[in-house]
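Down below is the structure, laid out as structure tokens.
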Amino acid sequence: QVQLVESGGGLVQAGGSLRLSCAASGRTFSGDVMGWFRQGPGKEREFVSAISWSGGTTVYADSVKGRFTISRDNAENTVYLQMTSLQPEDTAVYYCAGVYSGRSYHMSRKHQEYRYWGQGTQVTVSS
């Protein structure tokens with residue numbers, strides 16, 4: 001089983017940047033699709049971004065496209081989310097999640113299809 005620990009959240013002003021990290025342990029996650037989701041106050045958990053097992057393919061929610069960049073370092077068992085031009089509506093708890101992909105390139109946007117999750121890290125963007 002893979003354990004995930006997110007870090008890098010915090011308070012930032014609108015227009016600022018943050019870089020989230022998600023460190024995996026327990027087994028290598030190099031064959032897994034990794035995703036980032038977020039849940040704002042009073043909102044449902046929503047898809048942010050996902051990256052294929054190789055790191056060569058990425059997908060983004062329309063709301064973050066062009067502002068957020070997902071990446072991974074399989075040697076370090078870590079996935080990242082670089083967030084720029086942050087806006088108050090980006091305020092949420094951000095979760096890292098993963099699912100074994102069998103080295104396919106299917107990357108789900110549905111949180112139900114991810115099998116293991118981190119505890120989340122709070123991102124707050126002030127106006």
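Residues are referred to by chain and number: the chain letter is A, B, ... according to the order shown in the structure tokens, the number counts from 1 in that chain, and ligands are numbered separately from 1 in the order shown.
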Counting only C-alpha atoms, which residues in stretch 70-126 of chain A sit no more than 8 Å from stretch 24-40 of chain A? For each one, give the nearest pair of atoms and the distance in Å, sorted by chain then residue number, as a tab-separated table.
residue	atom	partner	partner_atom	distance
A:Asn74	CA	A:Ser30	CA	5.4
A:Asn77	CA	A:Ala24	CA	5.4
A:Thr78	CA	A:Ala24	CA	6.0
A:Val79	CA	A:Met34	CA	7.4
A:Leu81	CA	A:Trp36	CA	7.7
A:Asp90	CA	A:Gly40	CA	7.8
A:Thr91	CA	A:Gly40	CA	6.1
A:Ala92	CA	A:Gly40	CA	4.0
A:Val93	CA	A:Gln39	CA	5.3
A:Tyr94	CA	A:Arg38	CA	4.3
A:Tyr95	CA	A:Phe37	CA	5.1
A:Cys96	CA	A:Trp36	CA	4.7
A:Ala97	CA	A:Gly35	CA	5.2
A:Gly98	CA	A:Met34	CA	4.4
A:Val99	CA	A:Asp32	CA	5.4
A:Tyr100	CA	A:Asp32	CA	4.2
A:Ser101	CA	A:Asp32	CA	5.0
A:Gly102	CA	A:Gly31	CA	6.2
A:Arg103	CA	A:Gly31	CA	5.5
A:Tyr105	CA	A:Val33	CA	8.0
A:Met107	CA	A:Val33	CA	6.5
A:His111	CA	A:Phe37	CA	7.6
Please dump the current selection as a PDB file, in the first residue's frame; keep N, CA, C and O atoms.
ATOM      1  N   ASN A  74       9.890  10.120 -10.438  1.00  0.00           N
ATOM      2  CA  ASN A  74       9.704   8.728 -10.009  1.00  0.00           C
ATOM      3  C   ASN A  74      10.888   8.212  -9.189  1.00  0.00           C
ATOM      4  O   ASN A  74      10.714   7.337  -8.346  1.00  0.00           O
ATOM      5  N   ASN A  77      10.001   9.355  -5.888  1.00  0.00           N
ATOM      6  CA  ASN A  77       8.638   8.995  -5.458  1.00  0.00           C
ATOM      7  C   ASN A  77       7.837  10.216  -5.023  1.00  0.00           C
ATOM      8  O   ASN A  77       7.151  10.197  -3.983  1.00  0.00           O
ATOM      9  N   THR A  78       7.919  11.271  -5.812  1.00  0.00           N
ATOM     10  CA  THR A  78       7.267  12.524  -5.459  1.00  0.00           C
ATOM     11  C   THR A  78       6.553  13.106  -6.672  1.00  0.00           C
ATOM     12  O   THR A  78       7.072  13.044  -7.792  1.00  0.00           O
ATOM     13  N   VAL A  79       5.384  13.668  -6.420  1.00  0.00           N
ATOM     14  CA  VAL A  79       4.651  14.394  -7.450  1.00  0.00           C
ATOM     15  C   VAL A  79       4.458  15.828  -6.961  1.00  0.00           C
ATOM     16  O   VAL A  79       4.339  16.073  -5.759  1.00  0.00           O
ATOM     17  N   LEU A  81       2.820  19.951  -7.692  1.00  0.00           N
ATOM     18  CA  LEU A  81       1.853  20.821  -8.347  1.00  0.00           C
ATOM     19  C   LEU A  81       2.334  22.251  -8.170  1.00  0.00           C
ATOM     20  O   LEU A  81       2.276  22.790  -7.062  1.00  0.00           O
ATOM     21  N   ASP A  90      -9.171  29.613  -5.715  1.00  0.00           N
ATOM     22  CA  ASP A  90      -8.314  28.438  -5.601  1.00  0.00           C
ATOM     23  C   ASP A  90      -8.178  27.960  -4.152  1.00  0.00           C
ATOM     24  O   ASP A  90      -7.560  26.927  -3.898  1.00  0.00           O
ATOM     25  N   THR A  91      -8.728  28.726  -3.229  1.00  0.00           N
ATOM     26  CA  THR A  91      -8.669  28.346  -1.828  1.00  0.00           C
ATOM     27  C   THR A  91      -9.363  27.004  -1.613  1.00  0.00           C
ATOM     28  O   THR A  91     -10.518  26.821  -1.990  1.00  0.00           O
ATOM     29  N   ALA A  92      -8.648  26.068  -1.030  1.00  0.00           N
ATOM     30  CA  ALA A  92      -9.176  24.711  -0.839  1.00  0.00           C
ATOM     31  C   ALA A  92      -8.153  23.873  -0.093  1.00  0.00           C
ATOM     32  O   ALA A  92      -6.988  24.273   0.058  1.00  0.00           O
ATOM     33  N   VAL A  93      -8.604  22.719   0.330  1.00  0.00           N
ATOM     34  CA  VAL A  93      -7.667  21.680   0.754  1.00  0.00           C
ATOM     35  C   VAL A  93      -7.302  20.888  -0.496  1.00  0.00           C
ATOM     36  O   VAL A  93      -8.187  20.430  -1.227  1.00  0.00           O
ATOM     37  N   TYR A  94      -6.015  20.756  -0.725  1.00  0.00           N
ATOM     38  CA  TYR A  94      -5.531  20.050  -1.900  1.00  0.00           C
ATOM     39  C   TYR A  94      -5.068  18.651  -1.510  1.00  0.00           C
ATOM     40  O   TYR A  94      -4.295  18.481  -0.558  1.00  0.00           O
ATOM     41  N   TYR A  95      -5.553  17.681  -2.267  1.00  0.00           N
ATOM     42  CA  TYR A  95      -5.249  16.288  -2.006  1.00  0.00           C
ATOM     43  C   TYR A  95      -4.493  15.666  -3.172  1.00  0.00           C
ATOM     44  O   TYR A  95      -4.836  15.890  -4.333  1.00  0.00           O
ATOM     45  N   CYS A  96      -3.532  14.867  -2.817  1.00  0.00           N
ATOM     46  CA  CYS A  96      -2.815  14.050  -3.782  1.00  0.00           C
ATOM     47  C   CYS A  96      -3.433  12.651  -3.751  1.00  0.00           C
ATOM     48  O   CYS A  96      -3.819  12.161  -2.679  1.00  0.00           O
ATOM     49  N   ALA A  97      -3.526  12.009  -4.895  1.00  0.00           N
ATOM     50  CA  ALA A  97      -4.129  10.681  -4.963  1.00  0.00           C
ATOM     51  C   ALA A  97      -3.466   9.864  -6.067  1.00  0.00           C
ATOM     52  O   ALA A  97      -2.866  10.420  -6.991  1.00  0.00           O
ATOM     53  N   GLY A  98      -3.603   8.556  -5.953  1.00  0.00           N
ATOM     54  CA  GLY A  98      -2.989   7.704  -6.943  1.00  0.00           C
ATOM     55  C   GLY A  98      -3.786   6.438  -7.208  1.00  0.00           C
ATOM     56  O   GLY A  98      -4.623   6.015  -6.403  1.00  0.00           O
ATOM     57  N   VAL A  99      -3.508   5.844  -8.346  1.00  0.00           N
ATOM     58  CA  VAL A  99      -4.125   4.577  -8.714  1.00  0.00           C
ATOM     59  C   VAL A  99      -3.164   3.858  -9.655  1.00  0.00           C
ATOM     60  O   VAL A  99      -2.547   4.478 -10.527  1.00  0.00           O
ATOM     61  N   TYR A 100      -3.039   2.548  -9.444  1.00  0.00           N
ATOM     62  CA  TYR A 100      -2.155   1.772 -10.309  1.00  0.00           C
ATOM     63  C   TYR A 100      -2.734   1.763 -11.720  1.00  0.00           C
ATOM     64  O   TYR A 100      -3.922   1.518 -11.933  1.00  0.00           O
ATOM     65  N   SER A 101      -1.878   2.019 -12.688  1.00  0.00           N
ATOM     66  CA  SER A 101      -2.374   2.179 -14.053  1.00  0.00           C
ATOM     67  C   SER A 101      -2.017   1.029 -14.968  1.00  0.00           C
ATOM     68  O   SER A 101      -2.541   0.941 -16.075  1.00  0.00           O
ATOM     69  N   GLY A 102      -1.117   0.148 -14.501  1.00  0.00           N
ATOM     70  CA  GLY A 102      -0.663  -0.892 -15.416  1.00  0.00           C
ATOM     71  C   GLY A 102       0.044  -0.301 -16.616  1.00  0.00           C
ATOM     72  O   GLY A 102       0.086  -0.912 -17.684  1.00  0.00           O
ATOM     73  N   ARG A 103       0.565   0.884 -16.441  1.00  0.00           N
ATOM     74  CA  ARG A 103       1.267   1.620 -17.487  1.00  0.00           C
ATOM     75  C   ARG A 103       0.357   1.994 -18.650  1.00  0.00           C
ATOM     76  O   ARG A 103       0.812   2.166 -19.779  1.00  0.00           O
ATOM     77  N   TYR A 105      -2.352   4.887 -20.210  1.00  0.00           N
ATOM     78  CA  TYR A 105      -2.352   6.341 -20.201  1.00  0.00           C
ATOM     79  C   TYR A 105      -3.735   6.911 -19.909  1.00  0.00           C
ATOM     80  O   TYR A 105      -3.973   8.093 -20.117  1.00  0.00           O
ATOM     81  N   MET A 107      -6.174   8.563 -17.664  1.00  0.00           N
ATOM     82  CA  MET A 107      -6.073   9.384 -16.468  1.00  0.00           C
ATOM     83  C   MET A 107      -7.458   9.899 -16.116  1.00  0.00           C
ATOM     84  O   MET A 107      -7.976  10.784 -16.791  1.00  0.00           O
ATOM     85  N   HIS A 111     -12.686  11.272  -8.748  1.00  0.00           N
ATOM     86  CA  HIS A 111     -11.975  10.944  -7.522  1.00  0.00           C
ATOM     87  C   HIS A 111     -12.279   9.510  -7.058  1.00  0.00           C
ATOM     88  O   HIS A 111     -11.451   8.897  -6.377  1.00  0.00           O
TER      89      HIS A 111
END
12 Å contact set for A:Gly10, only C-alpha atoms, chain neighbours under 5 positions out, as JSON, numbers by chain: {"A": [16, 17, 18, 19, 20, 83, 86, 90, 91, 92, 93, 94, 120, 121, 122, 123, 124, 125, 126]}
Atom-to-atom span, atom CA of A:Glu89 and atom CA of A:Gly66, Å: 15.6 Å
A:Gln3, A:Gln119, A:Ser104, A:Ser85 ranked by distance to A:Ser54, top pick (using only C-alpha atoms): A:Ser104
Given only C-alpha atoms as the counted atoms, nearest of A:Gln87, A:Ser7, A:Ser127, A:Ser108 to A:Ser52: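 Smallest separation from A:Ser52 among the options: A:Ser108.
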Strand (DSSP E or B) residues, from DSSP on the backbone, in chain A, as a PyMOL selection string: chain A and resi 3-7+10-13+18-25+32-39+46-51+58-60+68-73+78-83+92-100+116-117+121-126
Residue list (helix (DSSP H, G or I), DSSP) for chain A, as an NGL selection string: :A and (88-90 or 111-113)
Nearest-residue call for A:Val59, choices A:Gly9, A:Tyr114, A:Lys43, A:His106, using only C-alpha atoms: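 Closest residue, counting only C-alpha atoms: A:His106.
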